[in-house]
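Colleague: Provided below: entry.txt, containing compact mmCIF, C-alpha atoms and all ligand atoms.
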```txt
# COMPACT_ATOMS: atom_id res chain seq x y z
CA MET H 63 115.47 79.92 106.59
CA THR H 64 111.95 81.42 106.70
CA TYR H 65 111.41 84.66 104.78
CA GLN H 66 111.12 87.80 106.88
CA PHE H 67 109.20 90.65 105.20
CA ASP H 68 111.16 93.90 105.71
CA ARG H 69 108.45 96.56 105.68
CA ALA H 70 110.93 99.45 106.03
CA ALA H 71 112.85 98.22 102.96
CA TYR H 72 109.51 97.75 101.16
CA GLU H 73 108.42 101.33 101.87
CA ARG H 74 111.80 102.70 100.71
CA ARG H 75 111.62 100.65 97.49
CA ILE H 76 108.04 101.64 96.73
CA ALA H 77 108.27 105.35 97.67
CA TRP H 78 108.91 106.70 94.13
CA TYR H 79 106.18 104.43 92.76
CA ARG H 80 103.58 105.72 95.23
CA ARG H 81 104.45 109.31 94.24
CA ALA H 82 104.46 108.61 90.49
CA ARG H 83 100.74 107.68 90.40
CA PHE H 84 100.37 107.57 86.60
CA GLY H 85 102.00 105.27 84.01
CA MET H 86 101.64 103.99 80.46
CA PHE H 87 101.17 100.31 79.63
CA ILE H 88 102.24 99.27 76.11
CA HIS H 89 101.02 95.99 74.60
CA TRP H 90 102.78 95.34 71.30
CA GLY H 91 103.81 92.26 69.35
CA LEU H 92 103.00 89.99 66.42
CA TYR H 93 99.31 90.04 67.40
CA ALA H 94 99.14 93.64 66.11
CA ILE H 95 99.18 92.17 62.58
CA PRO H 96 95.97 90.08 62.82
CA ALA H 97 94.77 93.14 64.81
CA ARG H 98 92.15 91.29 66.87
CA GLY H 99 93.71 91.69 70.31
CA GLU H 100 96.61 89.94 72.05
CA TRP H 101 94.65 86.73 72.80
CA VAL H 102 93.82 86.14 69.13
CA ARG H 103 95.80 82.86 69.00
CA SER H 104 93.87 81.43 71.92
CA VAL H 105 90.40 82.83 71.31
CA GLU H 106 90.43 81.79 67.63
CA GLN H 107 92.24 78.50 68.41
CA MET H 108 94.82 79.51 65.83
CA PRO H 109 97.41 76.76 65.28
CA GLU H 110 101.08 77.80 65.38
CA GLU H 111 101.44 77.32 61.62
CA GLU H 112 98.82 80.05 61.05
CA TYR H 113 100.49 82.43 63.52
CA LEU H 114 104.16 82.05 62.58
CA PRO H 115 103.85 83.83 59.18
CA PHE H 116 103.22 87.05 61.11
CA PHE H 117 106.82 86.72 62.33
CA ASP H 118 108.12 87.01 58.77
CA GLU H 119 105.86 90.04 58.23
CA PHE H 120 106.79 92.00 61.38
CA ALA H 121 108.52 95.07 59.89
CA ALA H 122 106.87 97.89 61.87
CA PRO H 123 108.12 100.76 59.66
CA ASP H 124 106.74 103.40 62.03
CA PHE H 125 108.17 101.93 65.23
CA ASP H 126 109.67 104.85 67.19
CA ALA H 127 110.18 104.20 70.92
CA ARG H 128 111.04 107.85 71.48
CA ALA H 129 107.64 108.89 70.09
CA TRP H 130 105.95 106.45 72.50
CA ALA H 131 107.96 107.79 75.45
CA ARG H 132 107.33 111.42 74.49
CA ALA H 133 103.57 110.75 74.28
CA ALA H 134 103.69 109.25 77.76
CA ARG H 135 105.66 112.16 79.23
CA GLU H 136 103.45 114.77 77.58
CA ALA H 137 100.38 113.02 79.02
CA GLY H 138 101.85 113.52 82.50
CA MET H 139 102.87 109.89 82.97
CA ARG H 140 105.88 109.15 85.17
CA TYR H 141 106.64 105.55 84.16
CA VAL H 142 106.12 103.22 81.21
CA VAL H 143 105.74 99.42 81.08
CA LEU H 144 106.31 97.51 77.80
CA THR H 145 105.47 93.86 77.07
CA ALA H 146 108.91 92.28 76.62
CA LYS H 147 107.14 88.97 75.97
CA HIS H 148 103.40 88.30 75.97
CA HIS H 149 101.61 84.94 76.09
CA ASP H 150 102.38 84.18 72.42
CA GLY H 151 106.02 83.77 73.42
CA PHE H 152 107.32 86.35 70.93
CA CYS H 153 110.26 88.20 72.46
CA LEU H 154 110.75 91.92 71.83
CA PHE H 155 114.33 91.62 73.12
CA ASP H 156 117.53 90.04 71.77
CA THR H 157 117.44 86.89 73.84
CA ALA H 158 119.94 84.03 73.44
CA THR H 159 117.24 81.52 74.42
CA THR H 160 115.15 81.50 71.25
CA ASP H 161 115.02 82.66 67.62
CA PHE H 162 111.40 83.80 68.15
CA LYS H 163 112.44 87.38 68.73
CA SER H 164 112.15 90.84 67.16
CA THR H 165 115.82 90.97 66.11
CA ASN H 166 115.15 88.05 63.73
CA THR H 167 112.11 89.63 62.08
CA PRO H 168 112.23 92.11 59.15
CA LEU H 169 112.21 94.84 61.83
CA GLY H 170 115.57 93.43 62.95
CA ARG H 171 115.78 95.54 66.11
CA ASP H 172 115.89 95.00 69.87
CA VAL H 173 112.64 96.77 70.77
CA VAL H 174 113.27 96.58 74.53
CA ARG H 175 116.69 98.19 74.13
CA GLU H 176 115.25 101.12 72.17
CA PHE H 177 112.32 101.36 74.58
CA VAL H 178 114.40 101.58 77.76
CA ASP H 179 116.80 104.09 76.16
CA ALA H 180 113.90 106.26 74.96
CA ALA H 181 112.04 106.16 78.26
CA ARG H 182 115.12 107.18 80.21
CA ALA H 183 115.85 109.95 77.69
CA GLU H 184 112.36 111.30 78.41
CA GLY H 185 112.98 111.16 82.16
CA LEU H 186 110.59 108.26 82.74
CA ARG H 187 110.93 105.22 84.97
CA VAL H 188 111.27 101.96 83.04
CA GLY H 189 109.11 98.87 83.44
CA LEU H 190 109.05 95.55 81.60
CA TYR H 191 106.08 93.22 81.47
CA TYR H 192 106.93 89.52 81.18
CA SER H 193 104.37 86.78 80.53
CA LEU H 194 104.71 83.64 82.69
CA LEU H 195 102.51 81.87 80.13
CA ASP H 196 104.12 80.92 76.81
CA TRP H 197 102.03 79.38 74.05
CA HIS H 198 105.09 79.04 71.77
CA HIS H 199 107.47 77.07 74.00
CA PRO H 200 107.22 73.29 73.39
CA ASP H 201 107.43 72.52 77.10
CA TYR H 202 104.66 74.88 78.19
CA PRO H 203 101.52 72.79 78.82
CA HIS H 204 99.02 73.09 76.02
CA TYR H 205 95.28 73.11 76.36
CA GLY H 206 92.75 71.47 74.09
CA ASP H 207 89.94 73.93 74.52
CA ARG H 208 91.62 77.22 73.73
CA ASN H 209 88.59 79.15 74.87
CA HIS H 210 89.35 77.86 78.34
CA PRO H 211 93.13 77.76 78.13
CA MET H 212 93.62 77.24 81.86
CA ARG H 213 92.39 73.62 81.85
CA ASN H 214 95.09 71.07 81.23
CA ASP H 215 93.50 68.93 78.51
CA PRO H 216 94.71 65.28 78.52
CA GLU H 217 94.52 65.18 74.70
CA CYS H 218 97.36 67.71 74.48
CA GLY H 219 100.15 65.27 75.29
CA ASN H 220 101.35 67.37 78.18
CA GLU H 221 102.91 64.31 79.74
CA ARG H 222 105.56 64.62 77.00
CA ARG H 223 106.30 68.21 77.96
CA ASP H 224 109.02 68.99 80.52
CA PHE H 225 107.59 71.97 82.43
CA ASN H 226 110.75 72.30 84.50
CA ARG H 227 112.70 72.80 81.28
CA TYR H 228 110.24 75.60 80.41
CA LEU H 229 110.84 77.15 83.84
CA ASP H 230 114.61 77.06 83.22
CA TYR H 231 113.93 78.92 79.94
CA MET H 232 111.63 81.41 81.60
CA HIS H 233 114.06 82.12 84.46
CA GLU H 234 116.93 82.57 81.98
CA GLN H 235 114.94 85.11 79.97
CA VAL H 236 114.13 87.06 83.14
CA ARG H 237 117.82 86.94 84.04
CA GLU H 238 118.69 88.39 80.59
CA LEU H 239 116.17 91.22 81.06
CA CYS H 240 117.57 91.96 84.54
CA THR H 241 121.17 91.89 83.23
CA ASN H 242 121.25 93.44 79.76
CA TYR H 243 119.02 96.54 79.92
CA GLY H 244 120.35 98.62 82.79
CA THR H 245 118.44 99.48 85.93
CA LEU H 246 114.83 98.39 85.73
CA ASP H 247 112.30 100.23 87.87
CA ILE H 248 109.38 97.83 87.44
CA LEU H 249 109.02 94.10 86.61
CA TRP H 250 105.43 93.25 85.72
CA PHE H 251 104.90 89.47 85.73
CA ASP H 252 101.60 88.19 84.28
CA PHE H 253 99.75 85.99 85.51
CA SER H 254 99.04 83.16 87.93
CA TYR H 255 95.95 80.95 87.75
CA ASP H 256 94.53 77.66 89.12
CA ASP H 257 97.47 75.74 90.63
CA MET H 258 99.94 77.69 88.50
CA ARG H 259 101.09 80.18 91.13
CA GLY H 260 103.96 80.77 93.56
CA GLU H 261 106.37 77.84 93.67
CA ALA H 262 104.74 76.30 90.58
CA TRP H 263 106.81 79.00 88.81
CA ARG H 264 109.78 78.35 91.17
CA ALA H 265 108.98 81.88 92.26
CA THR H 266 111.27 82.13 95.30
CA GLU H 267 114.26 81.13 93.16
CA LEU H 268 113.14 83.61 90.49
CA ILE H 269 112.66 86.51 92.90
CA ASP H 270 115.98 85.81 94.66
CA MET H 271 117.71 86.06 91.27
CA VAL H 272 115.80 89.23 90.33
CA ARG H 273 116.57 90.93 93.65
CA SER H 274 120.26 89.99 93.36
CA LEU H 275 120.46 91.68 89.94
CA GLN H 276 117.95 94.51 90.41
CA PRO H 277 117.74 95.17 94.18
CA GLY H 278 115.51 98.24 93.86
CA VAL H 279 113.06 96.97 91.26
CA VAL H 280 109.34 97.19 92.08
CA ILE H 281 107.51 93.95 91.26
CA ASP H 282 103.80 93.27 90.81
CA ASN H 283 101.91 90.52 92.67
CA ARG H 284 101.10 88.22 89.77
CA LEU H 285 103.61 85.52 90.58
CA GLU H 286 100.83 84.66 93.04
CA VAL H 287 97.56 85.92 91.58
CA SER H 288 95.92 87.45 88.53
CA GLY H 289 94.15 90.81 88.27
CA GLU H 290 91.50 89.67 90.73
CA GLY H 291 93.60 88.76 93.75
CA TYR H 292 95.54 90.51 96.49
CA GLY H 293 98.34 87.96 97.05
CA SER H 294 100.30 87.42 100.24
CA LEU H 295 101.45 91.07 100.39
CA ALA H 296 98.09 91.75 102.04
CA THR H 297 98.62 89.07 104.69
CA ALA H 298 100.51 89.15 107.99
CA HIS H 299 103.18 86.81 106.52
CA PRO H 300 104.01 87.74 102.92
CA ALA H 301 105.70 85.00 100.86
CA PRO H 302 109.16 85.72 99.34
CA PHE H 303 107.51 86.35 95.97
CA HIS H 304 104.77 88.65 97.41
CA GLY H 305 105.35 91.45 94.95
CA ASP H 306 105.31 95.14 95.87
CA PHE H 307 101.93 96.26 94.58
CA VAL H 308 98.48 94.80 94.09
CA SER H 309 97.34 94.90 90.46
CA PRO H 310 93.53 95.21 90.07
CA GLU H 311 92.63 95.05 86.41
CA GLN H 312 89.97 97.15 84.66
CA MET H 313 88.55 98.08 88.06
CA ILE H 314 89.15 100.51 90.93
CA PRO H 315 88.84 99.04 94.46
CA PRO H 316 86.01 100.87 96.29
CA ASP H 317 88.23 102.02 99.18
CA GLY H 318 91.84 101.41 98.10
CA ILE H 319 93.69 98.30 99.28
CA HIS H 320 94.85 97.57 102.82
CA GLY H 321 96.77 94.73 104.42
CA GLU H 322 95.33 92.54 107.19
CA ASP H 323 97.19 94.85 109.61
CA GLY H 324 95.37 97.88 108.19
CA SER H 325 98.48 99.22 106.42
CA GLU H 326 97.88 101.01 103.13
CA LEU H 327 99.26 98.81 100.34
CA ALA H 328 100.59 100.15 97.05
CA TRP H 329 98.22 99.25 94.24
CA GLU H 330 97.79 100.04 90.58
CA SER H 331 94.67 99.77 88.47
CA CYS H 332 95.62 98.79 84.91
CA VAL H 333 93.05 99.89 82.35
CA THR H 334 92.53 99.99 78.63
CA MET H 335 91.20 102.98 76.67
CA ASN H 336 89.00 100.72 74.53
CA ARG H 337 88.25 97.04 75.14
CA ASN H 338 91.60 95.53 74.11
CA TRP H 339 95.15 95.56 75.43
CA GLY H 340 96.70 94.60 72.08
CA TYR H 341 95.78 96.47 68.90
CA ALA H 342 92.29 95.63 67.60
CA ALA H 343 91.38 97.29 64.31
CA ASP H 344 87.63 96.99 64.85
CA ASP H 345 87.58 98.30 68.42
CA HIS H 346 86.68 101.97 68.04
CA LEU H 347 84.83 102.37 71.34
CA PHE H 348 87.34 104.47 73.28
CA LYS H 349 86.59 106.04 76.67
CA PRO H 350 86.57 109.87 76.54
CA ALA H 351 89.53 111.67 78.11
CA SER H 352 87.32 113.11 80.87
CA MET H 353 86.38 109.58 81.96
CA LEU H 354 90.04 108.49 81.96
CA ILE H 355 90.99 111.55 84.03
CA ARG H 356 88.23 110.77 86.53
CA SER H 357 89.56 107.22 86.79
CA LEU H 358 93.03 108.59 87.53
CA VAL H 359 91.60 110.93 90.18
CA GLU H 360 89.58 108.04 91.64
CA CYS H 361 92.73 105.89 91.94
CA VAL H 362 94.84 108.61 93.57
CA SER H 363 92.05 109.63 95.96
CA LYS H 364 92.10 106.01 97.19
CA GLY H 365 95.90 105.80 97.47
CA GLY H 366 96.57 104.03 94.17
CA ASN H 367 98.15 104.39 90.74
CA MET H 368 96.67 104.08 87.27
CA LEU H 369 98.49 102.28 84.42
CA LEU H 370 96.78 103.37 81.20
CA ASN H 371 97.26 101.10 78.19
CA VAL H 372 98.02 101.80 74.54
CA GLY H 373 98.25 99.10 71.87
CA PRO H 374 100.41 100.23 68.92
CA ASP H 375 99.38 98.92 65.49
CA ALA H 376 101.42 96.62 63.22
CA ARG H 377 103.34 99.61 61.84
CA GLY H 378 104.38 100.53 65.39
CA ALA H 379 102.20 103.61 65.72
CA ILE H 380 99.95 104.38 68.71
CA PRO H 381 96.40 104.63 67.32
CA PRO H 382 95.08 108.20 66.73
CA GLU H 383 92.17 107.68 69.15
CA SER H 384 94.71 106.92 71.91
CA MET H 385 96.93 109.85 70.94
CA GLU H 386 93.93 112.23 71.10
CA ARG H 387 93.15 111.08 74.65
CA LEU H 388 96.77 111.23 75.76
CA ALA H 389 96.98 114.82 74.48
CA ALA H 390 93.75 115.83 76.29
CA ILE H 391 94.95 114.21 79.52
CA GLY H 392 98.25 116.03 79.08
CA ARG H 393 96.45 119.41 78.81
CA TRP H 394 94.65 118.70 82.08
CA MET H 395 97.79 117.37 83.80
CA ARG H 396 99.88 120.39 82.82
CA LEU H 397 97.57 122.55 84.95
CA ASN H 398 96.54 120.03 87.61
CA ARG H 399 99.48 117.61 88.00
CA ASP H 400 100.10 118.84 91.58
CA SER H 401 96.77 117.26 92.55
CA ILE H 402 97.95 113.86 91.25
CA VAL H 403 101.74 113.40 91.36
CA GLY H 404 102.94 112.96 94.94
CA CYS H 405 99.35 112.82 96.22
CA GLY H 406 97.35 110.15 97.97
CA ARG H 407 94.28 109.66 100.13
CA ALA H 408 93.23 112.84 102.01
CA GLY H 409 91.70 111.17 105.06
CA LEU H 410 88.44 113.11 104.63
CA PRO H 411 84.89 111.85 104.10
CA ARG H 412 84.23 111.27 100.39
CA PRO H 413 81.94 114.08 99.18
CA GLU H 414 79.20 113.59 96.61
CA TYR H 415 80.43 116.46 94.43
CA GLY H 416 84.02 115.24 93.86
CA ARG H 417 87.12 113.59 95.34
CA TRP H 418 89.87 114.82 97.70
CA THR H 419 93.57 114.12 97.25
CA ARG H 420 96.32 115.32 99.54
CA ASN H 421 100.06 116.01 99.51
CA GLY H 422 101.29 116.99 102.97
CA ASP H 423 99.33 120.05 104.09
CA ARG H 424 98.00 120.75 100.58
CA LEU H 425 94.50 119.48 99.94
CA PHE H 426 93.06 119.15 96.45
CA LEU H 427 89.36 118.98 95.79
CA HIS H 428 88.55 117.46 92.41
CA LEU H 429 85.27 119.09 91.62
CA TYR H 430 83.08 116.76 89.57
CA ASP H 431 80.01 118.96 89.98
CA ARG H 432 80.71 122.66 90.23
CA PRO H 433 78.14 124.33 92.56
CA VAL H 434 76.08 127.35 91.71
CA GLY H 435 77.47 130.30 93.73
CA SER H 436 79.80 129.61 96.66
CA LEU H 437 81.25 126.26 97.60
CA PRO H 438 80.20 124.56 100.85
CA ILE H 439 83.11 122.46 102.16
CA PRO H 440 81.86 120.90 105.40
CA GLU H 441 84.82 118.48 105.52
CA VAL H 442 87.47 121.15 106.17
CA GLY H 443 87.81 123.78 108.86
CA ARG H 444 87.90 127.43 107.75
CA ASP H 445 90.07 128.72 110.55
CA GLN H 446 93.28 126.90 109.51
CA VAL H 447 93.02 127.29 105.75
CA ALA H 448 95.52 129.79 104.33
CA SER H 449 94.14 130.06 100.81
CA MET H 450 91.80 128.44 98.32
CA ARG H 451 92.53 128.66 94.61
CA TYR H 452 91.56 126.91 91.40
CA LEU H 453 94.67 125.07 90.15
CA ALA H 454 93.84 125.58 86.47
CA THR H 455 93.53 129.37 86.68
CA GLY H 456 94.92 130.48 90.07
CA ALA H 457 91.60 132.23 90.70
CA GLU H 458 90.37 132.59 94.29
CA VAL H 459 87.53 130.24 95.19
CA PRO H 460 84.35 131.88 96.56
CA VAL H 461 83.25 129.69 99.49
CA SER H 462 80.65 129.65 102.24
CA THR H 463 81.74 130.13 105.85
CA SER H 464 80.00 127.25 107.65
CA TRP H 465 83.06 125.14 108.49
CA THR H 466 84.52 123.00 111.28
CA HIS H 467 88.11 122.77 112.60
CA SER H 468 91.04 121.41 110.53
CA ASP H 469 94.80 121.52 110.35
CA TYR H 470 95.37 122.14 106.66
CA GLY H 471 97.58 124.89 105.23
CA GLU H 472 95.91 125.54 101.92
CA ILE H 473 93.34 124.04 99.64
CA LEU H 474 93.88 123.97 95.90
CA PHE H 475 91.31 122.80 93.47
CA ALA H 476 91.85 120.57 90.49
CA ASP H 477 88.68 121.50 88.79
CA LEU H 478 87.10 118.59 86.91
CA GLY H 479 83.99 120.61 86.28
CA PRO H 480 83.33 122.26 82.90
CA ASP H 481 87.05 122.97 82.77
CA PRO H 482 88.38 124.99 79.79
CA CYS H 483 91.32 122.58 79.73
CA LEU H 484 89.11 119.56 79.24
CA PRO H 485 87.78 119.19 75.72
CA ASP H 486 84.19 118.32 75.18
CA PRO H 487 83.98 114.55 75.54
CA ILE H 488 85.48 113.24 72.34
CA ASP H 489 82.79 111.70 70.18
CA THR H 490 83.42 108.01 70.02
CA VAL H 491 82.58 106.21 66.84
CA VAL H 492 80.16 103.51 67.87
CA GLU H 493 79.84 100.79 65.26
O1 LIG S 501 96.06 87.86 79.67
C1 LIG S 501 96.63 89.11 80.00
C2 LIG S 501 96.09 90.19 79.09
O2 LIG S 501 96.40 89.88 77.76
C3 LIG S 501 96.73 91.53 79.48
O3 LIG S 501 98.15 91.47 79.30
C4 LIG S 501 96.38 91.84 80.93
C5 LIG S 501 97.02 93.15 81.37
O4 LIG S 501 96.94 93.24 82.77
N1 LIG S 501 96.90 90.75 81.79
C6 LIG S 501 96.38 89.43 81.47
C7 LIG S 501 94.91 89.31 81.85
O5 LIG S 501 94.79 89.54 83.24
```
Please rewrite the model in this file as structure tokens.
Modeller:
Amino acid sequence: MTYQFDRAAYERRIAWYRRARFGMFIHWGLYAIPARGEWVRSVEQMPEEEYLPFFDEFAAPDFDARAWARAAREAGMRYVVLTAKHHDGFCLFDTATTDFKSTNTPLGRDVVREFVDAARAEGLRVGLYYSLLDWHHPDYPHYGDRNHPMRNDPECGNERRDFNRYLDYMHEQVRELCTNYGTLDILWFDFSYDDMRGEAWRATELIDMVRSLQPGVVIDNRLEVSGEGYGSLATAHPAPFHGDFVSPEQMIPPDGIHGEDGSELAWESCVTMNRNWGYAADDHLFKPASMLIRSLVECVSKGGNMLLNVGPDARGAIPPESMERLAAIGRWMRLNRDSIVGCGRAGLPRPEYGRWTRNGDRLFLHLYDRPVGSLPIPEVGRDQVASMRYLATGAEVPVSTSWTHSDYGEILFADLGPDPCLPDPIDTVVE
């Protein structure tokens, strides 16, 4: 039977996600010990025997999922996504499929269990990231040149590996995650490449199982693509494993993301604060909070979400540079959240001096450059506007009168100008 995409069911499933707009990504695992990013095994061509000792060292004395979830909530985030398993194959959940899991380390705890409980206790939606790649599993194809791990190198003896047996393992782990940790709000698969996409993962079978266990879960599009691609969600005939949102990585699409039929697709830009997803001790170049807030505004003004990453260190603590930025973002969100949560594209021309977002008949102008004197707003008609106020202070906005017609009830400003709630850009330590 051919798959029929049910757009009405899709829009119902994705509605909360479109309103949420802002989430936290958490990359954590054994790689926090070498502290050179989550691809350290591949980039440094580290053999398994050099990596496995980190397993016996993984004690994470400061691991506190509730502290992570509280930091996300206080930053104004509405959902959190944790790496349940990254490419190194290390499982942060108590799986029956392998001993390579957090419950067998000195930490001895089911990190995913504590994470989902903490997130829900903080009123957040729960997401789990799951790597399709697995450098630990003996049946996952290995690659000779680890700097180009996507090529299937003949010297790696892949003919002896049974990839279908790996897929059975992978599907069983996904089934455990969908069965043992309550209602999941997001499943974040990562990632497809070369000919490893779609049915190469037995994706229809996988998605059918996921949907039978977690009917309302929102799924990303990386059973088909990586951070560069749209996937079949954008086409007139989405595949069964289309995913529910497009997942641009470290970039913001110039004008949002639309399907071939012109429909506005859900999308989420996932971004790091520095240059690494996993903890990297030497990576001190963090973006200032004001830049991260502008990225969030940019995403929402184009109808998208932003998933902002933190990489806890080997002790389990979110780095201080990240905590500083989360706190600054939280100060801004406490006063301006109405211009982000529940908002989307305003349907107005994009001004030079800022960005518009909209929620129903409320318009929000994110002022990047505050004008001297009154504020010309040629995009909106004066005669239908009930009031204009700065969100951060409630103060009336002095404006000029040269306007055209509109149908908006009120305009509120989320002022990104020299806002008292935004700290001076935090000095970044540049090595
Ligand atoms: O290889 C991963 C990477 O480590 C990280 O998890 C990002 C997050 O979107 N996804 C892959 C690269 O696209």
Colleague: Go through the chains and note each residue within 10 Å of ligand LIG 501 (chain S), using only C-alpha atoms and all ligand atoms, then give the set as number ranges by chain.
Modeller: H: 87-89, 99-102, 145, 147-150, 191-193, 195, 250-255, 284, 287-290, 309-312, 331-334, 338-340, 369, 371
Colleague: Env of H:Gln66: 12 Å cut, atoms = all atoms listed in the file, seq-sep filter 2 positions within chain, self excluded. Answer as a tab-separated table (two decimals) with C-alpha atoms, in the frame of the given file.
Modeller:
```
chain	number	residue	atom	x	y	z
H	63	MET	CA	115.47	79.92	106.59
H	64	THR	CA	111.95	81.42	106.70
H	68	ASP	CA	111.16	93.90	105.71
H	69	ARG	CA	108.45	96.56	105.68
H	70	ALA	CA	110.93	99.45	106.03
H	71	ALA	CA	112.85	98.22	102.96
H	72	TYR	CA	109.51	97.75	101.16
H	298	ALA	CA	100.51	89.15	107.99
H	299	HIS	CA	103.18	86.81	106.52
H	300	PRO	CA	104.01	87.74	102.92
H	301	ALA	CA	105.70	85.00	100.86
H	302	PRO	CA	109.16	85.72	99.34
H	303	PHE	CA	107.51	86.35	95.97
H	304	HIS	CA	104.77	88.65	97.41
```
Colleague: So, with all atoms listed in the file as the atoms that count, which of H:Glu221, H:Asp161, H:Glu386, H:Asp423 lies closest to H:Val372?
Modeller: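 Going through H:Glu221, H:Asp161, H:Glu386, H:Asp423 one by one, the smallest distance to H:Val372 is for H:Glu386.
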Colleague: If you count all atoms listed in the file, which residues fall within 12 Å of H:Arg273, apart from same-chain ones fewer than 6 positions away, as a ChimeraX atom specification?
Modeller: /H:75,236-237,240-241,245-249,265-267,279-281,302-303,305
Colleague: Can you work out the spacing between atom CA of H:Phe84 and atom CA of H:Met368 in Å, to one decimal?
Modeller: 5.1 Å
Colleague: Given only C-alpha atoms as the basis, pick out the residue of H:Tyr113, H:Val178, H:Glu238, H:Asp201 nearest to H:Arg222.
Modeller: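 Smallest separation from H:Arg222 among the options: H:Asp201.
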Colleague: Which residue is closest to H:Tyr292? Choose from H:Pro168, H:Gly365, H:Gly318, H:Gly189 and count only C-alpha atoms.
Modeller: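 Selected residue with least distance to H:Tyr292: H:Gly318.
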Colleague: For a test of reading the model, state the distance in Å between atom CA of H:Gly278 and atom CA of H:Asp179, rounded to one decimal.
Modeller: 18.7 Å
Colleague: Could you tell me which of H:His320, H:Lys364, H:Arg356, H:Arg396 comes closest to H:Phe307 if we count all atoms listed in the file?
Modeller: H:His320
Colleague: Expressed in Å to a single decimal, how great is the separation between atom CA of H:Ile391 and atom CA of H:Ala134?
Modeller: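 Those two atoms sit 10.2 Å apart.
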Colleague: Pick out the closest residue to H:Ala121 from this set: H:Asp375, H:Glu458, H:Glu383, H:Glu136. Count all atoms listed in the file.
Modeller: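 The answer is H:Asp375, which sits nearest to H:Ala121.
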Colleague: Give me, as a PyMOL selection string, all polymer residues having an atom no more than 10 Å from stretch 400-402 of chain H, counting only C-alpha atoms and skipping those fewer than 4 positions away in the same chain.
Modeller: chain H and resi 81-84+138+358-359+361-363+367+395-396+406+418-421+424-428+453+474-477
Colleague: What lies within 9 Å of H:Tyr341 using all atoms listed in the file, ignoring chain neighbours under 6 positions off, as an NGL selection string?
Modeller: :H and (89-90 or 93-100 or 372-376 or 380-381)
Colleague: Please, which residues are within 12 Å of (118.8, 89.4, 80.3) by the file's coordinates, counting only C-alpha atoms, and could they come as a ChimeraX atom specification?
Modeller: /H:146,153-159,174-175,190,192,231-246,271-272,275-276
Colleague: Taking all atoms listed in the file into account, name the residue in H:Val188, H:Cys405, H:Met450, H:Ala180 that is nearest to H:Ala133.
Modeller: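 Ranked by minimum distance to H:Ala133, first place goes to H:Ala180.
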